[in-house]
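Engineer: Pasting data_17.cif below, which is mmCIF, C-alpha atoms.
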```
data_my_file
loop_
_atom_site.label_atom_id
_atom_site.label_comp_id
_atom_site.auth_asym_id
_atom_site.auth_seq_id
_atom_site.Cartn_x
_atom_site.Cartn_y
_atom_site.Cartn_z
CA MET L 23 -223.60 -80.46 -113.96
CA PHE L 24 -220.79 -82.12 -112.05
CA ASN L 25 -218.27 -79.89 -113.78
CA ARG L 26 -220.14 -76.77 -112.78
CA SER L 27 -220.23 -77.59 -109.05
CA ALA L 28 -216.58 -78.66 -109.14
CA ILE L 29 -215.60 -75.37 -110.72
CA LEU L 30 -217.66 -73.51 -108.13
CA SER L 31 -216.03 -75.26 -105.19
CA VAL L 32 -212.53 -74.73 -106.63
CA ARG L 33 -213.42 -71.10 -107.15
CA GLY L 34 -214.54 -70.94 -103.51
CA ILE L 35 -211.17 -72.29 -102.34
CA GLY L 36 -209.39 -69.73 -104.49
CA HIS L 37 -211.56 -66.92 -103.15
CA HIS L 38 -210.86 -67.89 -99.54
CA THR L 39 -207.12 -68.18 -100.20
CA VAL L 40 -206.86 -64.80 -101.89
CA ASP L 41 -209.00 -63.26 -99.14
CA GLY L 42 -206.83 -64.82 -96.41
CA VAL L 43 -203.59 -63.67 -98.01
CA TRP L 44 -205.01 -60.18 -98.50
CA ARG L 45 -206.06 -60.00 -94.83
CA LEU L 46 -202.67 -61.28 -93.69
CA GLY L 47 -200.93 -58.65 -95.75
CA TYR L 48 -203.26 -55.95 -94.45
CA ALA L 49 -202.65 -57.10 -90.86
CA SER L 50 -198.87 -57.08 -91.40
CA ARG L 51 -198.99 -53.55 -92.84
CA PHE L 52 -201.14 -52.50 -89.88
CA PHE L 53 -198.56 -54.04 -87.50
CA ALA L 54 -195.68 -52.29 -89.24
CA LEU L 55 -197.58 -48.99 -89.15
CA THR L 56 -198.26 -49.44 -85.43
CA LEU L 57 -194.56 -50.05 -84.74
CA ALA L 58 -193.55 -47.13 -86.94
CA SER L 59 -195.85 -44.68 -85.18
CA SER L 60 -195.16 -45.86 -81.62
CA GLY L 61 -192.41 -43.28 -81.26
CA THR L 62 -195.02 -40.55 -80.87
CA SER L 63 -196.93 -42.54 -78.28
CA PHE L 64 -193.76 -43.10 -76.25
CA ARG L 65 -193.24 -39.35 -76.20
CA ARG L 66 -196.75 -39.05 -74.78
CA PHE L 67 -196.26 -41.80 -72.22
CA ARG L 68 -199.39 -40.74 -70.35
CA LEU L 69 -201.53 -42.42 -72.99
CA ILE L 70 -199.74 -45.74 -72.42
CA VAL L 71 -200.15 -45.39 -68.64
CA ARG L 72 -203.89 -44.89 -69.09
CA GLU L 73 -204.14 -48.02 -71.22
CA LEU L 74 -201.96 -49.95 -68.78
CA TYR L 75 -204.62 -49.28 -66.18
CA PHE L 76 -207.39 -50.68 -68.38
CA THR L 77 -205.55 -53.71 -69.73
CA GLY L 78 -203.25 -54.53 -66.83
CA VAL L 79 -204.68 -53.38 -63.54
CA LEU L 80 -208.26 -54.33 -64.33
CA SER L 81 -207.12 -57.84 -65.42
CA LEU L 82 -205.36 -58.39 -62.10
CA ILE L 83 -208.28 -59.92 -60.22
CA ILE L 84 -209.08 -62.63 -62.77
CA ILE L 85 -205.36 -63.43 -63.27
CA LEU L 86 -204.57 -63.71 -59.56
CA VAL L 87 -207.66 -65.73 -58.65
CA SER L 88 -207.28 -68.18 -61.52
CA GLY L 89 -203.55 -68.48 -60.82
CA LEU L 90 -204.29 -69.40 -57.22
CA PHE L 91 -206.85 -72.02 -58.20
CA VAL L 92 -204.74 -73.52 -60.99
CA GLY L 93 -201.87 -73.88 -58.52
CA MET L 94 -204.13 -75.45 -55.91
CA VAL L 95 -205.50 -77.96 -58.41
CA LEU L 96 -201.97 -78.78 -59.57
CA GLY L 97 -200.99 -79.39 -55.95
CA LEU L 98 -203.89 -81.75 -55.34
CA GLN L 99 -203.62 -83.67 -58.61
CA GLY L 100 -199.85 -83.79 -58.52
CA TYR L 101 -199.88 -85.09 -54.97
CA HIS L 102 -202.24 -87.94 -55.80
CA THR L 103 -200.18 -88.97 -58.83
CA LEU L 104 -196.76 -88.62 -57.22
CA GLN L 105 -197.93 -90.45 -54.11
CA THR L 106 -198.31 -93.68 -56.09
CA TYR L 107 -194.57 -93.53 -56.84
CA GLY L 108 -193.66 -92.49 -53.31
CA SER L 109 -192.18 -89.19 -54.48
CA GLU L 110 -194.46 -86.58 -52.92
CA SER L 111 -191.37 -84.49 -52.20
CA ALA L 112 -191.14 -83.70 -55.93
CA LEU L 113 -194.50 -81.88 -55.72
CA GLY L 114 -192.76 -78.50 -55.63
CA VAL L 115 -190.84 -79.30 -58.81
CA LEU L 116 -194.00 -80.42 -60.59
CA VAL L 117 -196.01 -77.35 -59.60
CA ALA L 118 -193.22 -74.84 -60.29
CA LEU L 119 -192.04 -76.24 -63.62
CA SER L 120 -195.50 -76.69 -65.09
CA LEU L 121 -196.50 -73.18 -64.03
CA VAL L 122 -193.35 -71.34 -65.01
CA ARG L 123 -192.81 -73.12 -68.32
CA GLU L 124 -196.32 -73.63 -69.64
CA LEU L 125 -199.39 -72.84 -67.62
CA GLY L 126 -198.36 -69.38 -66.44
CA PRO L 127 -197.73 -67.85 -69.88
CA VAL L 128 -200.43 -69.79 -71.74
CA VAL L 129 -203.36 -69.58 -69.33
CA SER L 130 -202.74 -65.94 -68.46
CA ALA L 131 -202.50 -65.11 -72.18
CA LEU L 132 -205.80 -66.91 -72.83
CA LEU L 133 -207.43 -64.99 -69.97
CA PHE L 134 -205.85 -61.77 -71.19
CA ALA L 135 -207.21 -62.35 -74.70
CA SER L 136 -210.73 -62.83 -73.45
CA ARG L 137 -210.61 -60.13 -70.78
CA ALA L 138 -208.60 -57.32 -72.35
CA GLY L 139 -208.32 -58.31 -76.02
CA SER L 140 -212.07 -58.48 -76.58
CA ALA L 141 -212.51 -55.11 -74.84
CA MET L 142 -209.89 -53.54 -77.10
CA THR L 143 -211.57 -54.88 -80.23
CA ALA L 144 -215.02 -53.70 -79.15
CA GLU L 145 -213.71 -50.26 -78.20
CA ILE L 146 -211.85 -49.63 -81.44
CA GLY L 147 -214.62 -51.22 -83.51
CA LEU L 148 -217.19 -48.90 -81.94
CA MET L 149 -214.88 -45.91 -82.40
CA LYS L 150 -214.77 -46.79 -86.05
CA ALA L 151 -218.53 -47.40 -86.28
CA THR L 152 -219.32 -44.04 -84.66
CA GLU L 153 -216.77 -42.40 -86.99
CA GLN L 154 -214.52 -41.18 -84.18
CA LEU L 155 -211.46 -42.45 -86.02
CA ALA L 156 -212.53 -40.58 -89.14
CA ALA L 157 -213.08 -37.44 -87.04
CA MET L 158 -209.54 -37.73 -85.68
CA GLU L 159 -208.17 -37.94 -89.18
CA MET L 160 -210.16 -34.82 -90.05
CA MET L 161 -208.43 -33.03 -87.17
CA ALA L 162 -205.05 -34.22 -88.49
CA VAL L 163 -204.60 -36.60 -85.54
CA ASP L 164 -203.24 -39.95 -86.63
CA PRO L 165 -205.59 -42.54 -85.09
CA ILE L 166 -202.88 -45.22 -85.26
CA SER L 167 -200.44 -43.31 -83.09
CA ARG L 168 -203.14 -41.80 -80.84
CA VAL L 169 -205.41 -44.83 -80.30
CA VAL L 170 -203.75 -48.02 -81.55
CA ALA L 171 -200.07 -47.75 -80.56
CA PRO L 172 -200.64 -46.91 -76.85
CA ARG L 173 -202.97 -49.90 -76.51
CA PHE L 174 -200.45 -52.12 -78.26
CA TRP L 175 -197.60 -51.17 -75.95
CA ALA L 176 -199.79 -51.37 -72.85
CA GLY L 177 -200.69 -54.94 -73.80
CA VAL L 178 -197.09 -55.91 -74.56
CA ILE L 179 -195.86 -54.45 -71.25
CA SER L 180 -198.58 -55.89 -69.06
CA MET L 181 -198.62 -59.44 -70.46
CA PRO L 182 -195.26 -60.65 -68.99
CA LEU L 183 -196.04 -58.97 -65.68
CA LEU L 184 -199.43 -60.67 -65.51
CA ALA L 185 -197.89 -64.03 -66.41
CA ALA L 186 -195.24 -63.67 -63.69
CA MET L 187 -197.93 -62.83 -61.14
CA PHE L 188 -199.99 -65.80 -62.33
CA SER L 189 -197.02 -68.16 -61.84
CA ALA L 190 -196.10 -66.75 -58.43
CA MET L 191 -199.70 -66.97 -57.27
CA GLY L 192 -200.00 -70.52 -58.63
CA ILE L 193 -196.88 -71.66 -56.78
CA PHE L 194 -198.31 -70.11 -53.62
CA GLY L 195 -201.54 -72.07 -54.27
CA GLY L 196 -199.57 -75.29 -54.73
CA TYR L 197 -197.70 -74.57 -51.50
CA LEU L 198 -201.01 -73.92 -49.72
CA VAL L 199 -202.51 -77.24 -50.75
CA GLY L 200 -199.35 -79.37 -50.75
CA VAL L 201 -197.62 -78.17 -47.60
CA VAL L 202 -200.27 -76.53 -45.43
CA LEU L 203 -203.24 -78.76 -46.24
CA ILE L 204 -201.77 -82.18 -47.13
CA GLY L 205 -198.54 -81.93 -45.20
CA VAL L 206 -195.76 -82.50 -47.71
CA ASP L 207 -192.43 -81.64 -46.09
CA GLU L 208 -191.86 -77.92 -46.50
CA GLY L 209 -188.07 -78.14 -46.76
CA SER L 210 -188.04 -80.66 -49.59
CA PHE L 211 -190.88 -78.82 -51.35
CA TRP L 212 -188.81 -75.63 -51.69
CA SER L 213 -185.32 -77.12 -51.97
CA GLN L 214 -186.20 -79.59 -54.71
CA MET L 215 -188.01 -76.80 -56.53
CA GLN L 216 -184.98 -74.55 -56.33
CA ALA L 217 -182.68 -77.34 -57.49
CA ALA L 218 -184.82 -78.08 -60.54
CA VAL L 219 -185.96 -74.64 -61.71
CA ASP L 220 -183.33 -72.72 -63.61
CA PHE L 221 -183.54 -68.96 -63.96
CA GLN L 222 -182.27 -68.73 -67.53
CA GLU L 223 -183.76 -71.93 -68.86
CA ASP L 224 -187.19 -71.91 -67.26
CA ILE L 225 -188.14 -68.51 -65.88
CA MET L 226 -186.68 -66.35 -68.65
CA ASN L 227 -188.11 -68.66 -71.33
CA GLY L 228 -191.51 -68.26 -69.70
CA VAL L 229 -191.10 -64.49 -69.79
CA ILE L 230 -190.12 -64.58 -73.48
CA LYS L 231 -193.15 -66.74 -74.21
CA SER L 232 -195.53 -64.36 -72.48
CA PHE L 233 -193.95 -61.41 -74.30
CA VAL L 234 -194.56 -63.12 -77.66
CA PHE L 235 -198.13 -63.94 -76.63
CA GLY L 236 -198.65 -60.31 -75.57
CA VAL L 237 -197.55 -59.09 -79.02
CA ALA L 238 -199.75 -61.65 -80.79
CA VAL L 239 -202.88 -61.06 -78.70
CA THR L 240 -202.81 -57.26 -78.81
CA TRP L 241 -201.95 -57.24 -82.51
CA ILE L 242 -204.90 -59.52 -83.33
CA ALA L 243 -207.28 -57.61 -81.06
CA LEU L 244 -206.33 -54.20 -82.44
CA PHE L 245 -206.42 -55.35 -86.04
CA GLU L 246 -209.82 -57.01 -85.68
CA GLY L 247 -211.18 -53.82 -84.11
CA TYR L 248 -209.65 -51.60 -86.77
CA ASP L 249 -210.86 -53.87 -89.56
CA ALA L 250 -214.37 -54.45 -88.16
CA PRO L 251 -217.31 -53.58 -90.41
CA PRO L 252 -218.85 -50.43 -88.90
CA THR L 253 -222.10 -52.06 -87.80
CA ALA L 254 -223.32 -53.61 -84.55
CA GLU L 255 -223.09 -57.05 -86.16
CA GLY L 256 -219.63 -56.34 -87.49
CA VAL L 257 -218.28 -55.30 -84.08
CA SER L 258 -219.74 -58.36 -82.36
CA GLY L 259 -218.29 -60.63 -85.04
CA ALA L 260 -214.89 -58.96 -84.73
CA THR L 261 -214.93 -59.44 -80.94
CA THR L 262 -215.67 -63.15 -81.36
CA ARG L 263 -212.95 -63.50 -83.98
CA THR L 264 -210.46 -61.81 -81.66
CA VAL L 265 -211.00 -64.34 -78.89
CA VAL L 266 -211.00 -67.36 -81.23
CA THR L 267 -208.04 -66.31 -83.37
CA SER L 268 -205.85 -65.15 -80.50
CA SER L 269 -206.55 -68.32 -78.48
CA LEU L 270 -205.56 -70.47 -81.45
CA ALA L 271 -202.51 -68.28 -82.08
CA ILE L 272 -201.43 -68.60 -78.45
CA LEU L 273 -201.65 -72.39 -78.50
CA GLY L 274 -199.91 -72.70 -81.87
CA LEU L 275 -197.14 -70.28 -80.94
CA ASP L 276 -196.72 -72.07 -77.62
CA PHE L 277 -196.02 -75.34 -79.39
CA LEU L 278 -193.50 -73.66 -81.71
CA LEU L 279 -191.73 -71.80 -78.91
CA THR L 280 -191.62 -74.88 -76.68
CA SER L 281 -190.11 -77.01 -79.41
CA PHE L 282 -187.42 -74.38 -79.94
CA MET L 283 -186.71 -73.62 -76.29
CA PHE L 284 -186.69 -77.06 -74.72
CA GLN L 285 -184.94 -79.01 -77.45
CA GLY L 286 -182.21 -80.55 -75.36
CA VAL L 287 -184.06 -80.78 -72.06
CA MET R 10 -210.60 -41.23 -63.17
CA GLU R 11 -208.28 -38.87 -61.37
CA ARG R 12 -204.83 -38.76 -62.82
CA SER R 13 -202.98 -39.43 -59.55
CA THR R 14 -205.09 -42.48 -58.62
CA LEU R 15 -204.54 -43.91 -62.09
CA ASP R 16 -200.81 -43.42 -61.72
CA LEU R 17 -200.89 -45.04 -58.31
CA TRP R 18 -202.68 -48.14 -59.58
CA VAL R 19 -200.42 -48.53 -62.60
CA GLY R 20 -197.37 -48.06 -60.39
CA LEU R 21 -198.62 -50.71 -57.98
CA PHE R 22 -199.32 -53.05 -60.92
CA VAL R 23 -195.84 -52.70 -62.38
CA CYS R 24 -194.20 -53.09 -58.96
CA ALA R 25 -196.27 -56.20 -58.23
CA GLY R 26 -195.31 -57.69 -61.59
CA ILE R 27 -191.61 -57.07 -61.09
CA GLY R 28 -191.93 -58.34 -57.53
CA ALA R 29 -193.49 -61.56 -58.79
CA LEU R 30 -190.59 -61.99 -61.23
CA LEU R 31 -188.10 -61.43 -58.40
CA ILE R 32 -189.90 -63.97 -56.21
CA LEU R 33 -189.78 -66.47 -59.08
CA ALA R 34 -186.07 -65.82 -59.54
CA MET R 35 -185.06 -65.96 -55.88
CA LYS R 36 -187.51 -68.31 -54.18
CA VAL R 37 -188.45 -70.67 -56.99
CA GLY R 38 -185.36 -70.61 -59.18
CA ASN R 39 -181.78 -71.16 -58.14
CA MET R 40 -180.56 -67.66 -58.87
CA ALA R 41 -179.77 -66.95 -55.22
CA SER R 42 -177.84 -70.15 -54.51
CA ILE R 43 -175.74 -70.48 -57.66
CA GLY R 44 -174.58 -67.16 -58.95
CA ILE R 45 -174.39 -66.87 -62.69
CA GLY R 46 -171.76 -64.19 -62.75
CA GLN R 47 -169.51 -65.80 -60.15
CA ASP R 48 -165.85 -66.38 -60.88
CA SER R 49 -165.05 -69.87 -62.03
CA TYR R 50 -162.33 -71.93 -63.69
CA THR R 51 -162.59 -74.82 -66.10
CA ILE R 52 -161.05 -78.26 -65.78
CA TYR R 53 -161.44 -81.26 -68.06
CA ALA R 54 -161.98 -84.94 -67.48
CA ASN R 55 -162.05 -87.84 -69.96
CA PHE R 56 -164.52 -90.64 -69.38
CA ASP R 57 -164.89 -93.94 -71.24
CA ASN R 58 -168.64 -93.73 -70.83
CA ILE R 59 -170.66 -90.82 -69.50
CA GLY R 60 -173.97 -92.70 -69.32
CA GLY R 61 -176.78 -90.17 -69.06
CA LEU R 62 -174.73 -87.16 -67.97
CA LYS R 63 -176.08 -83.87 -69.33
CA PRO R 64 -174.60 -80.40 -69.68
CA ARG R 65 -175.38 -78.25 -66.60
CA ALA R 66 -175.44 -81.31 -64.34
CA PRO R 67 -174.01 -80.52 -60.88
CA VAL R 68 -170.41 -81.22 -59.89
CA LYS R 69 -170.31 -82.22 -56.24
CA SER R 70 -167.58 -82.84 -53.76
CA ALA R 71 -168.54 -84.41 -50.43
CA GLY R 72 -172.13 -83.82 -51.49
CA VAL R 73 -171.74 -80.07 -51.86
CA VAL R 74 -172.31 -78.49 -55.27
CA VAL R 75 -169.02 -76.86 -56.31
CA GLY R 76 -169.70 -76.34 -60.02
CA ARG R 77 -171.51 -77.44 -63.15
CA VAL R 78 -170.80 -79.51 -66.25
CA ALA R 79 -170.09 -76.91 -68.94
CA SER R 80 -169.98 -79.07 -72.04
CA ILE R 81 -169.59 -82.64 -73.22
CA ALA R 82 -167.74 -83.51 -76.41
CA PHE R 83 -166.48 -86.65 -78.12
CA ASP R 84 -162.71 -86.94 -78.40
CA ASN R 85 -162.04 -88.49 -81.79
CA ASN R 86 -158.40 -89.34 -81.02
CA LYS R 87 -158.93 -91.25 -77.81
CA PHE R 88 -162.51 -92.33 -78.60
CA ASN R 89 -163.85 -91.25 -75.26
CA ALA R 90 -165.90 -88.39 -73.87
CA ARG R 91 -164.25 -85.13 -72.88
CA VAL R 92 -166.24 -83.28 -70.23
CA ALA R 93 -165.55 -79.66 -69.28
CA LEU R 94 -166.31 -78.79 -65.67
CA THR R 95 -166.80 -75.25 -64.42
CA ILE R 96 -165.70 -74.99 -60.80
CA GLU R 97 -166.20 -71.92 -58.64
CA THR R 98 -162.94 -70.15 -57.93
CA LYS R 99 -163.38 -70.30 -54.18
CA TYR R 100 -163.06 -74.10 -54.29
CA LYS R 101 -159.54 -75.40 -54.95
CA PHE R 102 -158.75 -79.05 -55.60
CA PRO R 103 -155.41 -80.92 -55.53
CA LYS R 104 -153.85 -82.11 -58.80
CA ASP R 105 -154.56 -85.79 -58.16
CA THR R 106 -158.30 -85.28 -57.67
CA GLY R 107 -160.45 -88.06 -59.08
CA ALA R 108 -163.76 -87.62 -60.87
CA SER R 109 -166.50 -90.21 -61.11
CA ILE R 110 -169.98 -90.14 -62.59
CA LEU R 111 -172.54 -90.97 -59.93
CA THR R 112 -176.30 -91.18 -59.75
CA SER R 113 -178.34 -89.45 -57.10
CA GLY R 114 -180.81 -91.98 -55.79
CA LEU R 115 -181.63 -95.20 -57.63
CA LEU R 116 -183.00 -93.58 -60.80
CA GLY R 117 -182.11 -89.94 -60.19
CA GLU R 118 -180.10 -87.60 -62.34
CA GLN R 119 -176.40 -88.16 -62.89
CA TYR R 120 -173.74 -85.86 -61.51
CA ILE R 121 -169.96 -85.77 -61.22
CA GLY R 122 -168.41 -86.48 -57.86
CA LEU R 123 -164.92 -85.09 -57.16
CA GLU R 124 -162.70 -86.84 -54.62
CA ALA R 125 -159.80 -84.73 -53.50
CA GLY R 126 -156.34 -86.35 -53.51
CA GLY R 127 -153.29 -85.50 -51.43
CA ASP R 128 -151.16 -83.48 -53.83
CA SER R 129 -149.89 -80.19 -52.50
CA ASN R 130 -150.38 -78.38 -55.82
CA ASP R 131 -153.85 -77.22 -56.86
CA LEU R 132 -155.51 -77.75 -60.21
CA ALA R 133 -155.19 -74.78 -62.53
CA ASP R 134 -157.55 -73.54 -65.21
CA GLY R 135 -157.64 -75.83 -68.27
CA GLU R 136 -155.98 -78.86 -66.69
CA THR R 137 -157.24 -82.40 -67.22
CA LEU R 138 -158.05 -84.81 -64.42
CA LYS R 139 -156.07 -88.08 -64.52
CA LEU R 140 -158.26 -90.32 -62.40
CA THR R 141 -161.73 -90.85 -63.76
CA GLN R 142 -164.38 -93.47 -63.29
CA SER R 143 -167.11 -93.99 -65.87
CA ALA R 144 -170.80 -94.09 -65.30
CA VAL R 145 -172.35 -97.37 -64.31
CA VAL R 146 -174.45 -98.57 -67.21
CA LEU R 147 -177.34 -100.63 -65.95
CA GLU R 148 -177.44 -102.96 -68.96
CA LYS R 149 -173.76 -103.86 -68.56
CA LEU R 150 -174.27 -104.45 -64.87
CA ILE R 151 -177.20 -106.77 -65.52
CA SER R 152 -175.40 -108.68 -68.26
CA GLN R 153 -172.35 -109.10 -66.03
CA PHE R 154 -174.60 -110.41 -63.29
CA LEU R 155 -176.29 -112.81 -65.70
CA TYR R 156 -172.97 -114.07 -67.06
CA SER R 157 -171.59 -114.68 -63.60
CA LYS R 158 -174.82 -116.48 -62.64
CA ALA R 159 -174.60 -118.55 -65.79
CA ALA R 160 -170.99 -119.39 -65.04
CA GLU R 161 -171.92 -120.46 -61.52
CA GLY R 162 -174.82 -122.53 -62.81
CA GLY R 163 -172.53 -124.28 -65.29
CA ASP R 164 -169.84 -125.02 -62.67
CA ALA R 165 -171.92 -126.03 -59.69
CA PRO R 166 -173.40 -129.37 -60.84
CA GLN R 167 -170.15 -130.48 -62.45
CA ALA R 168 -168.13 -130.05 -59.30
CA PRO R 169 -169.73 -132.81 -57.15
CA ALA R 170 -170.26 -135.31 -59.97
CA PRO R 171 -167.67 -134.70 -62.66
CA ASN R 172 -168.14 -138.13 -64.25
CA ALA R 173 -171.92 -137.80 -64.58
CA ALA R 174 -173.33 -136.92 -67.99
CA VAL R 175 -174.71 -133.48 -68.68
CA ALA R 176 -178.18 -134.84 -69.31
CA PRO R 177 -179.11 -135.69 -65.69
CA VAL R 178 -178.28 -132.20 -64.50
CA PRO R 179 -181.64 -130.62 -65.23
CA ALA R 180 -183.44 -133.71 -63.94
CA PRO R 181 -183.70 -132.59 -60.27
CA HIS R 182 -185.17 -129.29 -61.41
CA ALA R 183 -187.56 -130.70 -63.96
CA PRO R 184 -189.93 -132.57 -61.61
CA ALA R 185 -190.38 -129.60 -59.33
CA PRO R 186 -192.52 -127.47 -61.65
CA ALA R 187 -194.27 -130.58 -62.89
CA ALA R 188 -195.29 -131.42 -59.33
CA ALA R 189 -196.36 -127.87 -58.69
CA VAL R 190 -198.84 -127.80 -61.54
CA PRO R 191 -201.11 -130.60 -60.31
CA GLY R 192 -200.89 -129.17 -56.82
CA ALA R 193 -202.21 -125.88 -58.09
CA GLU R 194 -204.97 -127.60 -59.97
CA LYS R 195 -206.21 -129.37 -56.86
CA LYS R 196 -206.92 -126.06 -55.21
#
```
How would this structure read if it were set down as structure tokens?

Structural biologist:
Amino acid sequence: MFNRSAILSVRGIGHHTVDGVWRLGYASRFFALTLASSGTSFRRFRLIVRELYFTGVLSLIIILVSGLFVGMVLGLQGYHTLQTYGSESALGVLVALSLVRELGPVVSALLFASRAGSAMTAEIGLMKATEQLAAMEMMAVDPISRVVAPRFWAGVISMPLLAAMFSAMGIFGGYLVGVVLIGVDEGSFWSQMQAAVDFQEDIMNGVIKSFVFGVAVTWIALFEGYDAPPTAEGVSGATTRTVVTSSLAILGLDFLLTSFMFQGV
Amino acid sequence: MERSTLDLWVGLFVCAGIGALLILAMKVGNMASIGIGQDSYTIYANFDNIGGLKPRAPVKSAGVVVGRVASIAFDNNKFNARVALTIETKYKFPKDTGASILTSGLLGEQYIGLEAGGDSNDLADGETLKLTQSAVVLEKLISQFLYSKAAEGGDAPQAPAPNAAVAPVPAPHAPAPAAAVPGAEKK
């Protein structure tokens, strides 16, 4: 009796492992195929522009508004903490470094995953469920290069731009609360920020981070959509998995990248 | 959607993104003030102790940033630290310039201060500074202070009464805390 249930549970572990490895391999092959067929989509750049509108431009509002509010909250909280040590003038440094290094790339990638990534998954999943992808193949149009690759590149291009706008908006929000509302000295706010923030070390590392997040989020979203079971349930499950998996991937990758980038700092 | 409006929006989006990056680089970062591609020359300085000096720390003269610390290495022949300083070419310093490791503020970051000497020849690329002053290490400072206090404390009572035994010395101090304790209890 005990032996039977033990064997069953071990078998369950094995099944999940094999399934996970199989999915990982399938996702990697899908990624390689996307990269291989992106040459065609670059020749038809119009497709990428169209997707840039849907993933980038339509995500602008949520990115800008949340950037502003994150910066304003950072300004308020940072002021109250720094005030106890009498160093309110370092508020600019606190706001800028936390936005440029961490919050800008991470929060905008999380928002991007839930705003644009879920839409991508649902769109491609429904295309598959209504057999549009199969119809394309019938017409000798490769769905990967016609549907998947333009969306992938639009996501990869728009992610760093969105993160930069998020950071700039957040710093403006911190300035609004810290300098205009509370009255921290404007000169020391900007000058200490400029002395502490390095272009190569901080800003470019943030851009690299958001580029990596863009690749991860769009890859996961496109794969989940392409792999979704062609039913209403399957598409909804795939959309949920996109948001959960890409959020976890963003946070995990962020830890890895941070530990590589800021080793000596 | 019309093709031209779509193009317009995407164009605006890309421009705004690049503009945000430029703002980050110019207004938030220090790209505008310290050029990366500017001409510079390297000089070296040996310090007995660099304290908490880090690569890329500023090199200042008269409070103005004139360069950066390029690298810090340990010299295994002299057993001291060899620090490479990158100085912008537009700033020239005499050969007998001295370098010292200073701290901005009480607990701020450490930087290298250059004090120009009076030599008529200027430092060339790759030369080593002769006059250096190490970083002040707080623990050494405190232990020096404690030792000097201890030395004072040992000397002071012996000076007025050299023939008195060592034992009575703490006596004047001992009653004071003893008296204070009952006083505190009364309250």

Engineer: Apply the PyMOL selection byres ((chain R and resi 99) around 12) to the file shown and report the selected residues as an MDAnalysis selection string.

Structural biologist: chainID R and resid 47:50 75:76 95:98 100:102

Engineer: Once you have the residues from the selection above, write them out as a short mmCIF file (atom, residue, chain, number, x, y, z; two decimals), keeping the file's coordinate frame, restricted to C-alpha atoms.

Structural biologist:
```cif
data_model
loop_
_atom_site.label_atom_id
_atom_site.label_comp_id
_atom_site.auth_asym_id
_atom_site.auth_seq_id
_atom_site.Cartn_x
_atom_site.Cartn_y
_atom_site.Cartn_z
CA GLN R 47 -169.51 -65.80 -60.15
CA ASP R 48 -165.85 -66.38 -60.88
CA SER R 49 -165.05 -69.87 -62.03
CA TYR R 50 -162.33 -71.93 -63.69
CA VAL R 75 -169.02 -76.86 -56.31
CA GLY R 76 -169.70 -76.34 -60.02
CA THR R 95 -166.80 -75.25 -64.42
CA ILE R 96 -165.70 -74.99 -60.80
CA GLU R 97 -166.20 -71.92 -58.64
CA THR R 98 -162.94 -70.15 -57.93
CA TYR R 100 -163.06 -74.10 -54.29
CA LYS R 101 -159.54 -75.40 -54.95
CA PHE R 102 -158.75 -79.05 -55.60
#
```

Engineer: Choose the residue, out of L:Trp44, L:Phe282, L:Trp175, L:Phe52, that has the smallest atom-to-atom separation from Val237 (chain L); count all atoms listed in the file.

Structural biologist: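 Of the candidates, the smallest distance to Val237 (chain L) is held by L:Trp175.
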
Engineer: Can you work out which residues from chain L touch chain R at a cut-off of 8 Å (counting all atoms listed in the file) and hand them back as number ranges by chain?

Structural biologist: L: 71-72, 74-75, 78-79, 118, 180, 182-184, 186-187, 189-190, 212, 215-221, 225

Engineer: Mind pulling up the distance from CA of Phe91 (chain L) to CA of Ser109 (chain L)?

Structural biologist: 22.9 Å

Engineer: Do you know which residues are at most 9 Å from Thr240 (chain L) counting all atoms listed in the file, after dropping those on the same chain fewer than 3 positions away, and could you put them as a list in words?

Structural biologist: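 My reading of the contact set: Ala135, Ala138, Gly139, Met142, Arg173, Phe174, Trp175, Ala176, Gly177, Val178, Phe235, Gly236, Val237, Ala243, Leu244, Phe245 and Ser268 of chain L.
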
Engineer: Find the spatial neighbours of Ser109 (chain R), counting only C-alpha atoms, within a cut-off of 12 Å - ignore same-chain residues fewer than 5 positions away - and output them as a JSON list (two decimals) with C-alpha atoms, in the frame of the given file.

Structural biologist:
```json
[["chain", "number", "residue", "atom", "x", "y", "z"],
["R", 54, "ALA", "CA", -161.98, -84.94, -67.48],
["R", 55, "ASN", "CA", -162.05, -87.84, -69.96],
["R", 56, "PHE", "CA", -164.52, -90.64, -69.38],
["R", 57, "ASP", "CA", -164.89, -93.94, -71.24],
["R", 58, "ASN", "CA", -168.64, -93.73, -70.83],
["R", 59, "ILE", "CA", -170.66, -90.82, -69.50],
["R", 60, "GLY", "CA", -173.97, -92.70, -69.32],
["R", 62, "LEU", "CA", -174.73, -87.16, -67.97],
["R", 68, "VAL", "CA", -170.41, -81.22, -59.89],
["R", 69, "LYS", "CA", -170.31, -82.22, -56.24],
["R", 70, "SER", "CA", -167.58, -82.84, -53.76],
["R", 92, "VAL", "CA", -166.24, -83.28, -70.23],
["R", 119, "GLN", "CA", -176.40, -88.16, -62.89],
["R", 120, "TYR", "CA", -173.74, -85.86, -61.51],
["R", 121, "ILE", "CA", -169.96, -85.77, -61.22],
["R", 122, "GLY", "CA", -168.41, -86.48, -57.86],
["R", 123, "LEU", "CA", -164.92, -85.09, -57.16],
["R", 124, "GLU", "CA", -162.70, -86.84, -54.62],
["R", 125, "ALA", "CA", -159.80, -84.73, -53.50],
["R", 138, "LEU", "CA", -158.05, -84.81, -64.42],
["R", 139, "LYS", "CA", -156.07, -88.08, -64.52],
["R", 140, "LEU", "CA", -158.26, -90.32, -62.40],
["R", 141, "THR", "CA", -161.73, -90.85, -63.76],
["R", 142, "GLN", "CA", -164.38, -93.47, -63.29],
["R", 143, "SER", "CA", -167.11, -93.99, -65.87],
["R", 144, "ALA", "CA", -170.80, -94.09, -65.30],
["R", 145, "VAL", "CA", -172.35, -97.37, -64.31]]
```
